[in-house]
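Written out below as structure tokens is the structure these notes cover.
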Amino acid sequence: MKIKLSLLNISFIVFLAGLFSTIGIGMKSGAILILGASAIILVTYLLQIIQSIRQNGFWTIENLLFTLTIIICAIVFIHGFSVSISMPFLGNVPAFNSIYLLAGIVLIILFFTGSIRSIRQLNQDKQQSLLITIFSLVSIASVLGLLGIAGLIPVSGRLIFYAWIFLILFFEIFFIFLLFQGSRQRRSEISILVILTALLIIFSIVRFNFPELLPRGLVKSIIYFGFVPVIILPFAIARIKNYQFFTVFILYFILLDFYFIHTDSNFNFLIKVGFNGCVGYEDASDFQVNYNPGMDINELLEEPTVSEINNILEEWSQKDFKPERVHIEYTEELPNGDSIKVVSHLVNDKKHYGLIRIPKGINLQNAPILMELIGGGTGIDVLKMEDITRGICSSIRNNYISIMPSFRGNLLRWKDLCFRSQGYAGDVWLGAAEDAVAFLEAVKSLYNKPDSTKVLASGGSRGATVALIIGGLTDKVDYIIASSTHTKFLDYYVIQNEQVGRSYPAAFYTPETTPVEIRKRIIASSPYYFADRLPAFELHQGTEDQKTTVWHARRLDERLKEIGRDENSYRIYIYENKGHGYDDDDIVCESLSKFLNKTD
């Protein structure tokens with residue numbers, strides 16, 4: 001037991017080193033360290049399974065537990081690595097959300113069974129009964145919490161956190177009681193347990209209630225993610241003999257922490273901003289999320305009137321997208337001769353950034369513009385320089401000036417560079433559309449390109465919706481390629497059935513304003529209501545997309561038929577058994593090529 005726990009501790013330390021190496025040194029070094037940590041885990045449990053098979057045969061509960069442990073550790077480690085380099089490997093696996101939920105439940109089962117096995121080693125019957133009851137209740141509450149996080153049980157998501165904290169407090173009371181009631185032989189070990197539990201309580205209070213006590217950055221993340229596995233766990237392994245269920249709890253504490261690492265704001269801050277900070281970060285706008293739209297939800301989601309639609313169109317027709325303070329912040333020539341630029345400009349007096357790629361040998365005056373719009377959510381998203389240098393149809397894309405705006409509140413990163421656009425990051429639909437149009441006009445002014453310049457807007461997920469919003473509210477784009485797009489937000493179906501439904505408060509109700517303005521945001525962010533104004537477009541949608549369901553594509557298709565839109569002006573491709581972001585590369589490349597020919 002001690003050897004196995006020691007190896008686990010080593011693996012956690014190596015894993016942490018890998019996470020931070022991917023941020024500070026590079027992906028290669030981080031990958032090596034995390035693979036090393038995974039190898040330690042794998043070898044440890046394989047040896048244990050082999051030993052168990054020799055003694056008891058293969059089909060035993062113990063072997064099942066070891067196998068499940070390997071699976072959960074693998075998921076946690078791979079996902080941790082994915083988060084640290086902002087590349088969701090596992091997130092692209094079909095049905096990953098279900099797998100991740102199942103992994104969390106398995107983690108709780110492992111914690112429960114491991115604790116019970118350890119408790120049964122105690123001689124005191126009363127202690128055994130009490131502890132088994134407590135662990136049973138905590139495990140049930142934790143499972144309900146995971147189901148709440150998955151959206152299957154309303155308002156139960158925080159149960160897993162409450163169960164976690166309750167158990168720490170229970171341990172402290174329990175061990176103090178044992179300290180006064182127990183035998184002298186165990187008093188030294190129990191004293192250590194009291195101290196370790198007190199340290200966990202203090203650590204949890206500081207981490208969750210007073211995060212400002214430590215400045216954001218590497219040191220804070222190392223303390224938050226390293227204190228328990230590097231300090232508490234090895235001490236417990238070395239000194240605890242009779243109450244090993246507490247060591248099991250510490251392991252659960254660590255794995256649960258890593259399981260939720262992608263939701264930790266401090267760690268995500270470090271990943272996105274990097275070691276050296278980010279230009280403009282402190283100046284970016286943040287708002288307290290408003291959860292009350294100021295009217296009944298059914299009234300809020302009523303179909304818009306003609307007057308409301310016309311008011312939105314009138315307002316957008318009067319928006320001034322004239323470029324302001326356009327400045328090249330950084331230029332780099334790539335080995336293949338392409339030029340990459342970071343450009344800043346103002347949107348409503350707030351500084352924003354974006355990327356431009358100029359392929360080698362391109363005619364700047366005649367080349368069309370490919371506006372590529374990234375996906376994301378209501379948090380801080382990152383636009384990486386490599387996003388604009390890679391992609392399908394590279395030979396065709398070399399005939400376009402490619403541009404990528406960094407939407408308000410979001411980051412643009414490259415090597416040691418980091419810029420954050422000012423503004424509220426939660427304004428992911430209408431605000432992002434405004435930013436994209438403003439950046440398009442800034443690029444035109446930078447290269448003296450006329451208003452008649454042909455523009456193709458392409459995006460996936462959030463970027464797809466933004467492209468359609470731009471097409472519905474302006475005449476700035478000539479063709480749209482949209483993959484996995486939302487088309488209608490003014491519908492209870494989205495709130496009730498989609499992941500994006502939980503983001504309405506951040507995306508639409510914040511900053512706090514009147515119900516009339518909130519309705520205006522939701523309507524204007526729904527291309528469905530402006531389908532007659534959309535330029536020629538194509539929409540790609542998978543039927544198994546859990547983030548953006550096929551409901552949106554089908555509603556838009558119905559709307560287009562209802563208004564009698566020319567079927568030659570759009571194409572909607574539905575892909576059976578395909579997930580989020582899927583499209584047919586051949587169709588997309590052909591569309592890019594055809595658009596080029598139309599500009600000749």
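Following the order of the structure tokens, chains are lettered A, B, ..., residues in each are numbered from 1, and ligands are numbered from 1.
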### Task
Using DSSP on the backbone coordinates, identify the residues of region 469-549 of chain A assigned to strand (DSSP E or B); present them as number ranges by chain.
A: 479-483, 536-542
#### Entry: Every residue of region 173-386 of chain A that DSSP places in helix (DSSP H, G or I), as a PyMOL selection string
chain A and resi 173-181+184-209+211-213+218-239+244-259+261-263+265-273+297-300+306-317+385-386
### Task
May I have the residues within 12 Å of Ile481 (chain A) as a ChimeraX atom specification, using only C-alpha atoms and disregarding those fewer than 3 positions away in the same chain?
/A:370-373,455-461,463-468,471,477-478,484-485,534-541,570-573,581,583-585,587-592,595
### Message
Using only C-alpha atoms, can you tell me which of A:Ile340, A:Ile153, A:Ala198, A:Leu556 comes closest to Ile403 (chain A)?
### Response
A:Ile340
### Query
What is the distance, in Å and to one decimal place, between CA of Asp387 (chain A) and CA of Ala433 (chain A)?
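Computing it gives 18.9 Å between the two atoms.
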### Task
Provide the CA of Ile401 (chain A) to CA of Ile374 (chain A) distance in Å, to one decimal place.
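Atom-to-atom, CA of Ile401 (chain A) to CA of Ile374 (chain A), that is 16.4 Å.
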## Note on the structure
CA of Thr67 (chain A) sits from CA of Val43 (chain A) at a separation of 11.9 Å
### Task
Might you pull out every residue within 10 Å of Asp320 (chain A), with only C-alpha atoms counted and same-chain residues fewer than 5 positions away left off, and present them as a PyMOL selection string?
chain A and resi 347-348+438
### Task
Do a neighbour search on Glu303 (chain A) at 12 Å with only C-alpha atoms, toss out local chain neighbours closer than 3 positions, and write the hits as a PyMOL selection string.
chain A and resi 298-300+306-309+488-492+519-520+522-523+526+528-529
Those residues you just picked out, can you put them in a file as a short mmCIF file (atom, residue, chain, number, x, y, z; two decimals), in the first residue's frame with N, CA and C atoms?
```cif
data_model
loop_
_atom_site.label_atom_id
_atom_site.label_comp_id
_atom_site.auth_asym_id
_atom_site.auth_seq_id
_atom_site.Cartn_x
_atom_site.Cartn_y
_atom_site.Cartn_z
N ASN A 298 -41.18 33.54 -20.19
CA ASN A 298 -42.09 33.32 -21.33
C ASN A 298 -42.38 34.62 -22.06
N GLU A 299 -42.52 35.69 -21.30
CA GLU A 299 -42.74 37.00 -21.91
C GLU A 299 -41.49 37.47 -22.63
N LEU A 300 -40.33 37.19 -22.03
CA LEU A 300 -39.06 37.58 -22.63
C LEU A 300 -38.85 36.92 -23.99
N VAL A 306 -42.80 43.20 -35.79
CA VAL A 306 -42.17 43.83 -36.96
C VAL A 306 -41.43 45.09 -36.53
N SER A 307 -42.03 45.80 -35.59
CA SER A 307 -41.41 47.04 -35.09
C SER A 307 -40.05 46.75 -34.43
N GLU A 308 -39.98 45.68 -33.63
CA GLU A 308 -38.72 45.34 -32.97
C GLU A 308 -37.64 44.98 -34.00
N ILE A 309 -38.01 44.22 -35.02
CA ILE A 309 -37.06 43.86 -36.07
C ILE A 309 -36.56 45.11 -36.79
N LYS A 488 -31.31 30.64 -33.64
CA LYS A 488 -32.46 31.24 -32.96
C LYS A 488 -32.30 31.09 -31.45
N PHE A 489 -32.16 32.22 -30.75
CA PHE A 489 -32.03 32.20 -29.29
C PHE A 489 -33.35 32.53 -28.59
N LEU A 490 -34.27 33.12 -29.32
CA LEU A 490 -35.54 33.53 -28.72
C LEU A 490 -36.49 32.35 -28.70
N ASP A 491 -36.09 31.30 -27.98
CA ASP A 491 -36.90 30.08 -27.93
C ASP A 491 -36.53 29.31 -26.66
N TYR A 492 -37.54 28.86 -25.95
CA TYR A 492 -37.30 28.15 -24.68
C TYR A 492 -36.59 26.82 -24.91
N ARG A 519 -34.22 41.87 -24.69
CA ARG A 519 -34.92 41.26 -25.82
C ARG A 519 -34.25 41.65 -27.15
N LYS A 520 -33.84 42.89 -27.24
CA LYS A 520 -33.20 43.36 -28.46
C LYS A 520 -31.91 42.58 -28.72
N ILE A 522 -31.21 39.52 -27.72
CA ILE A 522 -31.52 38.13 -28.09
C ILE A 522 -32.03 38.05 -29.52
N ILE A 523 -32.89 38.98 -29.90
CA ILE A 523 -33.45 38.97 -31.26
C ILE A 523 -32.34 39.23 -32.28
N SER A 526 -30.08 36.44 -33.30
CA SER A 526 -30.74 35.29 -33.90
C SER A 526 -30.89 35.50 -35.40
N TYR A 528 -32.07 33.77 -37.58
CA TYR A 528 -33.38 33.26 -38.02
C TYR A 528 -34.31 34.39 -38.44
N TYR A 529 -34.29 35.51 -37.68
CA TYR A 529 -35.22 36.60 -37.95
C TYR A 529 -34.77 37.51 -39.08
#
```
### Task
Considering only C-alpha atoms, state which residue in the set A:Ile250, A:Thr487, A:Phe175, A:Ser525 is at the smallest distance from Arg554 (chain A).
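Result for the nearest residue to Arg554 (chain A): A:Thr487.
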### Query
Hey, what's within 12 Å of region 148-152 of chain A if we count only C-alpha atoms and toss same-chain stuff fewer than 4 positions away? As a PyMOL selection string, please?
chain A and resi 96-102+104-105+141-144+156-161+260+263+495-502
### Distance query region 375-386 of chain A at most 8 Å, only C-alpha atoms, self and fewer than 5 positions along chain excluded, as a list in words
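Counting only the stated atoms, we get Lys272, Leu355, Ser406, Gly409, Asn410, Leu411, Leu412, Arg413, Trp414, Ala425, Gly426, Asp427, Val428, Gly459, Gly460, Ser461, Arg462, Gly463, Ala464, Ser503, Ala506 and Ala507 of chain A.
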